[in-house]
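Undergrad: Just protein.tsv, nothing more (TSV, C-alpha atoms):
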chain	number	residue	atom	x	y	z
C	1	GLY	CA	75.18	84.77	87.45
C	2	GLU	CA	77.31	86.02	84.56
C	3	ILE	CA	81.05	86.52	85.03
C	4	VAL	CA	82.57	89.23	82.86
C	5	SER	CA	86.35	89.68	82.89
C	6	LEU	CA	88.13	92.85	81.82
C	7	ILE	CA	91.60	92.35	80.39
C	8	GLY	CA	94.09	94.67	78.73
C	9	PRO	CA	97.39	96.47	79.27
C	10	SER	CA	98.04	98.61	82.34
C	11	GLY	CA	96.43	102.03	82.02
C	12	SER	CA	93.68	100.89	79.66
C	13	GLY	CA	90.89	101.94	82.05
C	14	LYS	CA	89.85	98.63	83.60
C	15	SER	CA	90.09	99.68	87.25
C	16	SER	CA	88.66	103.12	86.48
C	17	LEU	CA	85.59	101.45	84.99
C	18	LEU	CA	85.02	99.43	88.18
C	19	LYS	CA	85.45	102.55	90.33
C	20	MET	CA	82.81	104.34	88.27
C	21	LEU	CA	80.40	101.48	88.81
C	22	VAL	CA	80.49	102.10	92.58
C	23	GLY	CA	80.61	105.89	92.36
C	24	LEU	CA	84.24	106.34	93.42
C	25	LEU	CA	84.87	108.06	90.07
C	26	ILE	CA	82.20	110.15	88.40
C	27	PRO	CA	81.71	109.52	84.65
C	28	LYS	CA	82.17	112.58	82.45
C	29	SER	CA	79.89	111.16	79.78
C	30	GLY	CA	77.77	108.12	79.08
C	31	ASP	CA	75.22	106.38	81.29
C	32	ILE	CA	75.29	103.69	83.93
C	33	ASN	CA	72.07	101.74	84.33
C	34	LEU	CA	71.45	99.36	87.22
C	35	ASN	CA	68.48	97.02	86.73
C	36	ASN	CA	67.27	99.29	83.89
C	37	THR	CA	67.40	102.37	86.13
C	38	LEU	CA	69.67	105.29	85.19
C	39	ILE	CA	72.05	106.21	88.02
C	40	LYS	CA	72.38	109.94	88.68
C	41	PHE	CA	75.77	110.42	90.31
C	42	ASN	CA	74.87	113.78	91.87
C	43	ASN	CA	72.01	112.10	93.74
C	44	GLN	CA	72.98	110.62	97.11
C	45	SER	CA	69.99	108.27	97.06
C	46	ASP	CA	71.12	106.84	93.71
C	47	LEU	CA	74.67	106.37	95.04
C	48	ARG	CA	73.32	104.55	98.10
C	49	THR	CA	71.29	102.28	95.84
C	50	LEU	CA	74.40	101.59	93.78
C	51	ARG	CA	76.51	100.72	96.80
C	52	GLU	CA	73.80	98.55	98.34
C	53	GLN	CA	73.78	96.37	95.25
C	54	ILE	CA	77.43	96.39	94.17
C	55	ALA	CA	80.47	95.59	96.33
C	56	ILE	CA	84.11	95.94	95.30
C	57	VAL	CA	87.30	94.20	96.43
C	58	PHE	CA	90.58	95.99	95.66
C	59	GLN	CA	94.10	94.64	95.20
C	60	GLN	CA	95.07	96.28	98.50
C	61	TYR	CA	92.95	94.61	101.14
C	62	ASN	CA	92.15	97.79	103.12
C	63	LEU	CA	91.36	95.89	106.30
C	64	PHE	CA	91.05	97.73	109.61
C	65	GLN	CA	94.31	96.95	111.40
C	66	ASN	CA	92.84	97.55	114.86
C	67	MET	CA	90.04	95.00	114.37
C	68	ASN	CA	90.15	91.23	114.25
C	69	VAL	CA	88.95	89.26	111.24
C	70	LEU	CA	85.38	88.80	112.47
C	71	LYS	CA	84.94	92.50	113.31
C	72	ASN	CA	86.37	93.51	109.91
C	73	VAL	CA	83.66	91.48	108.19
C	74	CYS	CA	80.82	92.61	110.49
C	75	ILE	CA	81.41	96.35	110.82
C	76	ALA	CA	79.93	97.67	107.54
C	77	PRO	CA	76.70	95.61	107.61
C	78	THR	CA	76.03	96.62	111.23
C	79	LYS	CA	77.17	100.26	111.14
C	80	ILE	CA	76.24	101.28	107.59
C	81	GLN	CA	73.40	98.92	106.67
C	82	LYS	CA	72.05	98.98	110.26
C	83	ARG	CA	71.42	95.25	110.20
C	84	ASN	CA	70.87	93.02	113.22
C	85	PRO	CA	74.31	92.34	114.77
C	86	LYS	CA	73.46	88.73	115.66
C	87	GLU	CA	72.37	87.93	112.08
C	88	VAL	CA	75.43	89.69	110.65
C	89	ASN	CA	77.69	87.74	113.00
C	90	GLU	CA	76.16	84.44	111.89
C	91	GLN	CA	76.55	85.35	108.23
C	92	ALA	CA	80.15	86.46	108.78
C	93	LEU	CA	80.98	83.12	110.43
C	94	TYR	CA	79.45	81.27	107.48
C	95	LEU	CA	81.35	83.37	104.91
C	96	LEU	CA	84.68	83.09	106.71
C	97	GLU	CA	84.25	79.32	106.85
C	98	LYS	CA	83.45	79.36	103.12
C	99	VAL	CA	86.73	81.14	102.29
C	100	GLY	CA	88.67	78.81	104.59
C	101	LEU	CA	89.31	81.16	107.52
C	102	LYS	CA	87.12	79.73	110.27
C	103	ASP	CA	90.22	79.33	112.47
C	104	LYS	CA	91.30	82.98	112.07
C	105	LEU	CA	88.28	84.80	113.52
C	106	LYS	CA	90.20	86.44	116.36
C	107	SER	CA	93.37	87.10	114.35
C	108	TYR	CA	94.37	90.63	113.35
C	109	PRO	CA	95.36	91.55	109.77
C	110	ASP	CA	99.09	91.75	110.55
C	111	GLU	CA	98.93	88.13	111.74
C	112	LEU	CA	97.65	86.93	108.36
C	113	SER	CA	99.32	86.23	105.02
C	114	GLY	CA	98.42	88.36	102.02
C	115	GLY	CA	96.22	85.60	100.63
C	116	GLN	CA	94.36	85.29	103.91
C	117	GLN	CA	93.83	89.05	104.12
C	118	GLN	CA	92.45	89.08	100.60
C	119	ARG	CA	90.02	86.29	101.47
C	120	VAL	CA	88.87	88.32	104.49
C	121	ALA	CA	88.27	91.24	102.10
C	122	ILE	CA	86.16	88.96	99.87
C	123	ALA	CA	84.11	87.74	102.85
C	124	ARG	CA	83.65	91.35	103.98
C	125	ALA	CA	82.29	92.34	100.56
C	126	LEU	CA	79.95	89.33	100.45
C	127	CYS	CA	78.58	90.15	103.91
C	128	LEU	CA	77.05	93.27	102.36
C	129	ASN	CA	74.81	90.94	100.29
C	130	PRO	CA	75.62	92.53	96.93
C	131	GLN	CA	73.91	91.50	93.72
C	132	ILE	CA	77.16	92.14	91.85
C	133	LEU	CA	80.73	91.67	93.06
C	134	LEU	CA	83.58	93.66	91.49
C	135	LEU	CA	87.10	92.26	91.82
C	136	ASP	CA	89.93	94.62	90.94
C	137	GLU	CA	93.25	92.80	90.42
C	138	ILE	CA	92.78	90.99	93.70
C	139	THR	CA	95.79	88.70	93.19
C	140	SER	CA	98.31	91.18	91.80
C	141	ALA	CA	99.78	92.08	95.21
C	142	LEU	CA	100.16	88.45	96.27
C	143	ASP	CA	103.12	86.09	96.16
C	144	PRO	CA	102.55	83.44	93.45
C	145	GLU	CA	102.00	80.61	95.95
C	146	LEU	CA	99.16	82.57	97.61
C	147	VAL	CA	97.27	83.28	94.39
C	148	LYS	CA	95.62	79.85	94.16
C	149	GLU	CA	93.88	80.08	97.53
C	150	VAL	CA	92.23	83.37	96.53
C	151	LEU	CA	91.26	82.10	93.07
C	152	ASP	CA	89.74	79.00	94.65
C	153	SER	CA	87.45	81.25	96.69
C	154	ILE	CA	86.35	82.99	93.48
C	155	ARG	CA	85.79	79.62	91.78
C	156	LEU	CA	83.46	78.70	94.64
C	157	LEU	CA	81.47	81.92	94.20
C	158	ALA	CA	81.29	81.33	90.45
C	159	ALA	CA	79.94	77.82	91.02
C	160	GLU	CA	77.24	79.29	93.28
C	161	GLY	CA	76.10	81.74	90.59
C	162	MET	CA	77.47	85.03	91.96
C	163	THR	CA	77.43	87.80	89.34
C	164	MET	CA	80.97	89.16	89.02
C	165	LEU	CA	82.97	91.70	87.08
C	166	ILE	CA	86.65	90.82	87.29
C	167	VAL	CA	89.81	92.73	86.36
C	168	SER	CA	92.67	90.25	86.20
C	169	HIS	CA	96.02	89.42	84.64
C	170	GLU	CA	95.54	85.74	85.50
C	171	MET	CA	94.68	84.72	81.94
C	172	SER	CA	94.22	81.00	82.53
C	173	PHE	CA	91.78	81.83	85.33
C	174	VAL	CA	89.94	84.37	83.15
C	175	LYS	CA	89.62	81.77	80.41
C	176	GLU	CA	88.31	79.19	82.89
C	177	VAL	CA	85.62	81.15	84.77
C	178	SER	CA	84.40	83.90	82.42
C	179	SER	CA	81.10	84.01	80.58
C	180	ARG	CA	82.45	86.87	78.48
C	181	VAL	CA	85.78	88.64	78.19
C	182	VAL	CA	86.16	92.36	77.46
C	183	PHE	CA	89.47	93.49	75.99
C	184	MET	CA	90.24	97.16	76.70
C	185	ASP	CA	92.99	99.42	75.44
C	186	ASN	CA	93.62	103.14	75.89
C	187	GLY	CA	90.33	103.82	77.65
C	188	SER	CA	88.15	102.01	75.12
C	189	ILE	CA	86.56	98.61	74.66
C	190	VAL	CA	88.24	96.98	71.68
C	191	GLU	CA	86.47	93.63	71.67
C	192	VAL	CA	83.90	91.64	73.64
C	193	ASN	CA	83.65	87.91	73.06
C	194	SER	CA	83.64	84.46	74.61
C	195	PRO	CA	86.88	83.42	76.35
C	196	LYS	CA	87.53	80.85	73.61
C	197	ASN	CA	87.20	83.44	70.85
C	198	ILE	CA	89.20	86.11	72.68
C	199	PHE	CA	92.13	83.80	73.39
C	200	GLU	CA	92.06	81.56	70.33
C	201	SER	CA	90.52	83.56	67.47
C	202	PRO	CA	90.15	87.27	68.31
C	203	LYS	CA	88.57	89.48	65.66
C	204	GLU	CA	90.63	92.62	66.31
C	205	LYS	CA	94.34	92.89	65.54
C	206	ARG	CA	95.00	94.77	68.80
C	207	THR	CA	93.41	91.93	70.78
C	208	LEU	CA	95.50	89.39	68.88
C	209	ASP	CA	98.70	91.35	69.57
C	210	PHE	CA	97.94	91.49	73.30
C	211	VAL	CA	96.88	87.87	73.67
C	212	SER	CA	99.83	86.60	71.64
C	213	LYS	CA	102.29	88.48	73.82
C	214	ILE	CA	100.62	87.35	77.05
C	215	LEU	CA	100.59	83.70	75.99
C	216	LYS	CA	104.20	83.92	74.77
C	217	ASP	CA	105.29	85.40	78.11
C	218	LYS	CA	103.64	82.50	79.89
Just give me the structure of the file as C-alpha coordinates.

TA:
Amino acid sequence: GEIVSLIGPSGSGKSSLLKMLVGLLIPKSGDINLNNTLIKFNNQSDLRTLREQIAIVFQQYNLFQNMNVLKNVCIAPTKIQKRNPKEVNEQALYLLEKVGLKDKLKSYPDELSGGQQQRVAIARALCLNPQILLLDEITSALDPELVKEVLDSIRLLAAEGMTMLIVSHEMSFVKEVSSRVVFMDNGSIVEVNSPKNIFESPKEKRTLDFVSKILKDK
(Lines of atoms letter the chains of each structure in order from A and count residues from 1; the text may use other names and numbers.)
(Lines give C-alpha, C1' and ligand atoms only; values in the text may rest on other atoms or scores of the structure.)
Protein backbone atom coordinates (compact mmCIF):
# COMPACT_ATOMS: atom_id res chain seq x y z
CA GLY A 1 0.00 0.00 0.00
CA GLU A 2 2.99 2.36 -0.04
CA ILE A 3 3.26 5.03 -2.72
CA VAL A 4 6.81 6.00 -3.64
CA SER A 5 7.34 8.90 -6.05
CA LEU A 6 10.50 9.46 -8.05
CA ILE A 7 11.29 13.08 -8.86
CA GLY A 8 14.27 14.81 -10.44
CA PRO A 9 15.43 16.55 -13.61
CA SER A 10 15.01 14.98 -17.05
CA GLY A 11 17.67 12.36 -17.72
CA SER A 12 18.24 11.51 -14.06
CA GLY A 13 17.26 7.85 -14.53
CA LYS A 14 13.71 7.77 -13.18
CA SER A 15 12.07 6.10 -16.18
CA SER A 16 15.05 3.79 -16.69
CA LEU A 17 14.63 2.55 -13.12
CA LEU A 18 10.97 1.68 -13.75
CA LYS A 19 11.87 -0.12 -16.99
CA MET A 20 14.44 -2.21 -15.13
CA LEU A 21 11.80 -3.22 -12.59
CA VAL A 22 9.75 -4.88 -15.35
CA GLY A 23 12.73 -6.27 -17.27
CA LEU A 24 12.56 -3.90 -20.24
CA LEU A 25 16.11 -2.78 -19.39
CA ILE A 26 18.63 -5.19 -17.91
CA PRO A 27 20.63 -3.86 -14.92
CA LYS A 28 24.40 -3.89 -15.40
CA SER A 29 24.99 -4.12 -11.66
CA GLY A 30 23.08 -4.31 -8.42
CA ASP A 31 20.17 -6.56 -7.46
CA ILE A 32 16.41 -6.41 -7.75
CA ASN A 33 14.51 -8.39 -5.16
CA LEU A 34 10.78 -9.05 -5.38
CA ASN A 35 9.20 -10.31 -2.15
CA ASN A 36 12.71 -11.13 -0.86
CA THR A 37 13.50 -13.19 -3.96
CA LEU A 38 16.44 -12.18 -6.19
CA ILE A 39 15.37 -11.72 -9.82
CA LYS A 40 17.72 -13.27 -12.38
CA PHE A 41 17.18 -11.32 -15.60
CA ASN A 42 18.58 -14.07 -17.84
CA ASN A 43 15.92 -16.45 -16.50
CA GLN A 44 12.63 -16.37 -18.41
CA SER A 45 10.74 -17.82 -15.45
CA ASP A 46 11.98 -14.98 -13.22
CA LEU A 47 10.95 -12.40 -15.84
CA ARG A 48 7.48 -13.95 -16.06
CA THR A 49 7.18 -13.78 -12.28
CA LEU A 50 8.23 -10.14 -12.38
CA ARG A 51 5.69 -9.23 -15.04
CA GLU A 52 2.90 -11.15 -13.33
CA GLN A 53 3.34 -9.05 -10.22
CA ILE A 54 4.28 -5.63 -11.63
CA ALA A 55 2.42 -3.66 -14.31
CA ILE A 56 3.58 -0.42 -15.91
CA VAL A 57 1.71 2.48 -17.53
CA PHE A 58 3.74 4.72 -19.85
CA GLN A 59 3.26 8.35 -20.85
CA GLN A 60 2.33 7.17 -24.36
CA TYR A 61 -0.80 5.09 -23.94
CA ASN A 62 0.20 2.34 -26.41
CA LEU A 63 -3.39 1.23 -26.97
CA PHE A 64 -4.24 -1.10 -29.86
CA GLN A 65 -5.83 1.21 -32.43
CA ASN A 66 -7.78 -1.61 -34.11
CA MET A 67 -9.51 -2.65 -30.87
CA ASN A 68 -12.21 -0.94 -28.88
CA VAL A 69 -11.74 0.07 -25.25
CA LEU A 70 -13.10 -3.15 -23.76
CA LYS A 71 -10.95 -5.38 -25.98
CA ASN A 72 -7.85 -3.29 -25.17
CA VAL A 73 -8.36 -4.00 -21.48
CA CYS A 74 -9.22 -7.70 -21.90
CA ILE A 75 -6.63 -8.90 -24.41
CA ALA A 76 -3.55 -9.37 -22.18
CA PRO A 77 -5.31 -11.19 -19.31
CA THR A 78 -7.01 -13.58 -21.75
CA LYS A 79 -4.18 -14.13 -24.25
CA ILE A 80 -1.11 -13.92 -22.00
CA GLN A 81 -2.41 -14.91 -18.56
CA LYS A 82 -4.84 -17.45 -20.11
CA ARG A 83 -7.61 -16.39 -17.75
CA ASN A 84 -11.31 -17.09 -18.18
CA PRO A 85 -12.65 -14.60 -20.76
CA LYS A 86 -15.97 -14.14 -18.94
CA GLU A 87 -14.24 -13.30 -15.64
CA VAL A 88 -11.81 -10.96 -17.41
CA ASN A 89 -14.69 -9.22 -19.16
CA GLU A 90 -16.50 -8.66 -15.85
CA GLN A 91 -13.34 -7.29 -14.23
CA ALA A 92 -12.69 -5.01 -17.21
CA LEU A 93 -16.22 -3.58 -16.98
CA TYR A 94 -15.71 -2.91 -13.28
CA LEU A 95 -12.33 -1.22 -13.83
CA LEU A 96 -13.55 0.92 -16.71
CA GLU A 97 -16.46 2.08 -14.59
CA LYS A 98 -13.99 2.87 -11.79
CA VAL A 99 -11.93 5.15 -14.06
CA GLY A 100 -15.08 6.80 -15.41
CA LEU A 101 -15.26 5.20 -18.86
CA LYS A 102 -18.27 2.92 -18.60
CA ASP A 103 -19.86 4.77 -21.54
CA LYS A 104 -16.82 4.29 -23.82
CA LEU A 105 -16.61 0.49 -23.97
CA LYS A 106 -17.19 0.26 -27.73
CA SER A 107 -15.16 3.38 -28.61
CA TYR A 108 -11.82 3.12 -30.40
CA PRO A 109 -8.69 4.95 -29.18
CA ASP A 110 -8.85 7.62 -31.89
CA GLU A 111 -12.34 8.53 -30.66
CA LEU A 112 -11.05 9.31 -27.16
CA SER A 113 -9.25 12.28 -25.63
CA GLY A 114 -5.71 11.83 -24.34
CA GLY A 115 -6.96 11.72 -20.76
CA GLN A 116 -9.49 9.04 -21.61
CA GLN A 117 -6.87 6.96 -23.42
CA GLN A 118 -4.57 7.20 -20.42
CA ARG A 119 -7.37 6.03 -18.12
CA VAL A 120 -7.94 3.05 -20.44
CA ALA A 121 -4.21 2.28 -20.11
CA ILE A 122 -4.54 2.38 -16.31
CA ALA A 123 -7.55 0.03 -16.39
CA ARG A 124 -5.65 -2.29 -18.74
CA ALA A 125 -2.71 -2.48 -16.32
CA LEU A 126 -5.01 -3.09 -13.34
CA CYS A 127 -6.79 -5.92 -15.17
CA LEU A 128 -3.52 -7.87 -14.95
CA ASN A 129 -4.01 -7.92 -11.15
CA PRO A 130 -0.53 -6.59 -10.32
CA GLN A 131 0.74 -6.31 -6.77
CA ILE A 132 2.65 -3.18 -7.78
CA LEU A 133 1.70 -0.52 -10.33
CA LEU A 134 4.40 1.59 -12.00
CA LEU A 135 3.34 4.94 -13.48
CA ASP A 136 5.84 6.62 -15.78
CA GLU A 137 5.03 10.30 -16.39
CA ILE A 138 1.46 9.38 -17.24
CA THR A 139 0.28 13.00 -17.42
CA SER A 140 3.20 14.58 -19.29
CA ALA A 141 1.68 14.08 -22.76
CA LEU A 142 -1.71 15.48 -21.74
CA ASP A 143 -3.22 18.93 -22.11
CA PRO A 144 -3.42 20.64 -18.69
CA GLU A 145 -7.21 20.38 -18.47
CA LEU A 146 -7.03 16.59 -18.93
CA VAL A 147 -4.46 16.00 -16.19
CA LYS A 148 -6.95 16.17 -13.30
CA GLU A 149 -9.13 13.32 -14.57
CA VAL A 150 -6.12 10.99 -14.72
CA LEU A 151 -4.80 12.08 -11.32
CA ASP A 152 -8.25 11.51 -9.82
CA SER A 153 -8.06 7.89 -10.99
CA ILE A 154 -4.70 7.53 -9.25
CA ARG A 155 -6.10 9.14 -6.08
CA LEU A 156 -8.82 6.49 -6.08
CA LEU A 157 -6.25 3.68 -6.36
CA ALA A 158 -4.20 5.26 -3.57
CA ALA A 159 -7.26 5.39 -1.32
CA GLU A 160 -7.84 1.67 -1.98
CA GLY A 161 -4.28 0.78 -0.92
CA MET A 162 -2.67 -0.01 -4.29
CA THR A 163 1.12 -0.17 -4.07
CA MET A 164 2.55 2.30 -6.59
CA LEU A 165 5.85 3.64 -7.83
CA ILE A 166 5.26 6.95 -9.60
CA VAL A 167 7.49 9.10 -11.82
CA SER A 168 5.92 12.55 -12.04
CA HIS A 169 6.53 16.25 -12.53
CA GLU A 170 3.19 17.05 -10.87
CA MET A 171 4.77 18.17 -7.60
CA SER A 172 1.59 19.11 -5.75
CA PHE A 173 0.19 15.67 -6.57
CA VAL A 174 3.42 13.95 -5.47
CA LYS A 175 3.30 15.85 -2.19
CA GLU A 176 -0.34 14.88 -1.66
CA VAL A 177 -0.30 11.12 -2.35
CA SER A 178 3.24 9.90 -1.61
CA SER A 179 4.36 7.87 1.38
CA ARG A 180 7.97 8.60 0.44
CA VAL A 181 9.67 10.71 -2.20
CA VAL A 182 12.94 9.77 -3.90
CA PHE A 183 14.95 12.58 -5.46
CA MET A 184 17.24 11.40 -8.27
CA ASP A 185 19.92 13.22 -10.22
CA ASN A 186 22.42 12.01 -12.82
CA GLY A 187 21.56 8.34 -12.41
CA SER A 188 21.78 8.30 -8.62
CA ILE A 189 19.47 8.59 -5.64
CA VAL A 190 20.34 11.82 -3.86
CA GLU A 191 17.76 11.76 -1.08
CA VAL A 192 14.82 9.71 0.18
CA ASN A 193 12.43 11.29 2.64
CA SER A 194 8.83 12.10 3.47
CA PRO A 195 7.07 14.51 1.07
CA LYS A 196 7.04 17.19 3.78
CA ASN A 197 10.79 16.92 4.36
CA ILE A 198 11.67 16.74 0.66
CA PHE A 199 9.64 19.82 -0.25
CA GLU A 200 10.01 21.90 2.91
CA SER A 201 13.32 20.93 4.55
CA PRO A 202 15.49 18.74 2.28
CA LYS A 203 18.81 17.57 3.69
CA GLU A 204 20.83 17.70 0.47
CA LYS A 205 21.76 20.93 -1.31
CA ARG A 206 21.02 19.41 -4.73
CA THR A 207 17.49 18.51 -3.58
CA LEU A 208 16.99 22.03 -2.24
CA ASP A 209 18.17 23.56 -5.53
CA PHE A 210 15.75 21.41 -7.53
CA VAL A 211 12.75 21.90 -5.26
CA SER A 212 13.33 25.66 -4.99
CA LYS A 213 13.42 26.04 -8.76
CA ILE A 214 10.32 23.86 -9.26
CA LEU A 215 8.32 25.78 -6.65
CA LYS A 216 9.50 29.12 -8.05
CA ASP A 217 8.44 28.09 -11.57
CA LYS A 218 5.00 27.25 -10.23

Undergrad: So, with all atoms listed in the file as the atoms that count, which of C:Gly11, C:Lys28, C:Ile3, C:Val88 lies closest to Arg155 in chain C?

TA: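 Ranking C:Gly11, C:Lys28, C:Ile3, C:Val88 by distance to Arg155 in chain C, first place goes to C:Ile3.
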
Undergrad: Pick the closest to Glu170 in chain C from C:Asn33, C:Ser140, C:Ser188, C:Ser212: which is it, counting only C-alpha atoms?

TA: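 Looking only at the distances to Glu170 in chain C, the closest residue turns out to be C:Ser140.
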
Undergrad: Calculated over all atoms listed in the file, which of the candidates C:Asp136, C:Glu2, C:Glu200, C:Asp110 has the smallest distance to Leu21 in chain C?

TA: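 Among the listed residues, C:Asp136 lies closest to Leu21 in chain C.
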
Undergrad: For the atom pair CA of Met20 in chain C and CA of Gln131 in chain C, what is the interatomic distance in Å to one decimal place?

TA: 16.5 Å

Undergrad: Have a look at C:Val190, C:Met164, C:Ile154, C:Ile75 and name the one nearest to Val4 in chain C; count all atoms listed in the file.

TA: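 Nearest to Val4 in chain C: C:Met164.
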
Undergrad: Would you mind listing what lies within 8 Å of Asn129 in chain C as a ChimeraX atom specification, with only C-alpha atoms counted and same-chain residues fewer than 4 positions away left out?

TA: /C:52-53,125

Undergrad: Could you dump the residues just selected with C-alpha atoms as an mmCIF file, in the frame of the given file?

TA:
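File produced: part.cif:
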data_model
loop_
_atom_site.group_PDB
_atom_site.id
_atom_site.type_symbol
_atom_site.label_atom_id
_atom_site.label_comp_id
_atom_site.auth_asym_id
_atom_site.auth_seq_id
_atom_site.Cartn_x
_atom_site.Cartn_y
_atom_site.Cartn_z
ATOM 1 C CA GLU C 52 73.800 98.550 98.340
ATOM 2 C CA GLN C 53 73.780 96.370 95.250
ATOM 3 C CA ALA C 125 82.290 92.340 100.560
#

Undergrad: For Leu151 in chain C, please output as a ChimeraX atom specification all residues within 12 Å (counting only C-alpha atoms; exclusion window: fewer than 6 positions along the same chain).

TA: /C:99,115-116,118-119,122,135,137-140,142,144-145,157-158,166,168,170-174,176-177

Undergrad: Kindly save the residues from that selection, with C-alpha atoms included, as a short mmCIF file (atom, residue, chain, number, x, y, z; two decimals), in the frame of the given file.

TA:
data_model
loop_
_atom_site.label_atom_id
_atom_site.label_comp_id
_atom_site.auth_asym_id
_atom_site.auth_seq_id
_atom_site.Cartn_x
_atom_site.Cartn_y
_atom_site.Cartn_z
CA VAL C 99 86.73 81.14 102.29
CA GLY C 115 96.22 85.60 100.63
CA GLN C 116 94.36 85.29 103.91
CA GLN C 118 92.45 89.08 100.60
CA ARG C 119 90.02 86.29 101.47
CA ILE C 122 86.16 88.96 99.87
CA LEU C 135 87.10 92.26 91.82
CA GLU C 137 93.25 92.80 90.42
CA ILE C 138 92.78 90.99 93.70
CA THR C 139 95.79 88.70 93.19
CA SER C 140 98.31 91.18 91.80
CA LEU C 142 100.16 88.45 96.27
CA PRO C 144 102.55 83.44 93.45
CA GLU C 145 102.00 80.61 95.95
CA LEU C 157 81.47 81.92 94.20
CA ALA C 158 81.29 81.33 90.45
CA ILE C 166 86.65 90.82 87.29
CA SER C 168 92.67 90.25 86.20
CA GLU C 170 95.54 85.74 85.50
CA MET C 171 94.68 84.72 81.94
CA SER C 172 94.22 81.00 82.53
CA PHE C 173 91.78 81.83 85.33
CA VAL C 174 89.94 84.37 83.15
CA GLU C 176 88.31 79.19 82.89
CA VAL C 177 85.62 81.15 84.77
#

Undergrad: Between C:Asn66, C:Ser179, C:Arg83, C:Glu90, which has the minimum distance to Lys106 in chain C (counting only C-alpha atoms)?

TA: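 Between C:Asn66, C:Ser179, C:Arg83, C:Glu90, the residue approaching Lys106 in chain C most closely is C:Asn66.
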
Undergrad: Out of C:Pro77, C:Lys71, C:Asp152, C:Asn62, which residue has the shortest atom-to-atom distance to Lys104 in chain C when counting all atoms listed in the file?

TA: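 Of C:Pro77, C:Lys71, C:Asp152, C:Asn62, the one nearest Lys104 in chain C is C:Lys71, counting all atoms listed in the file.
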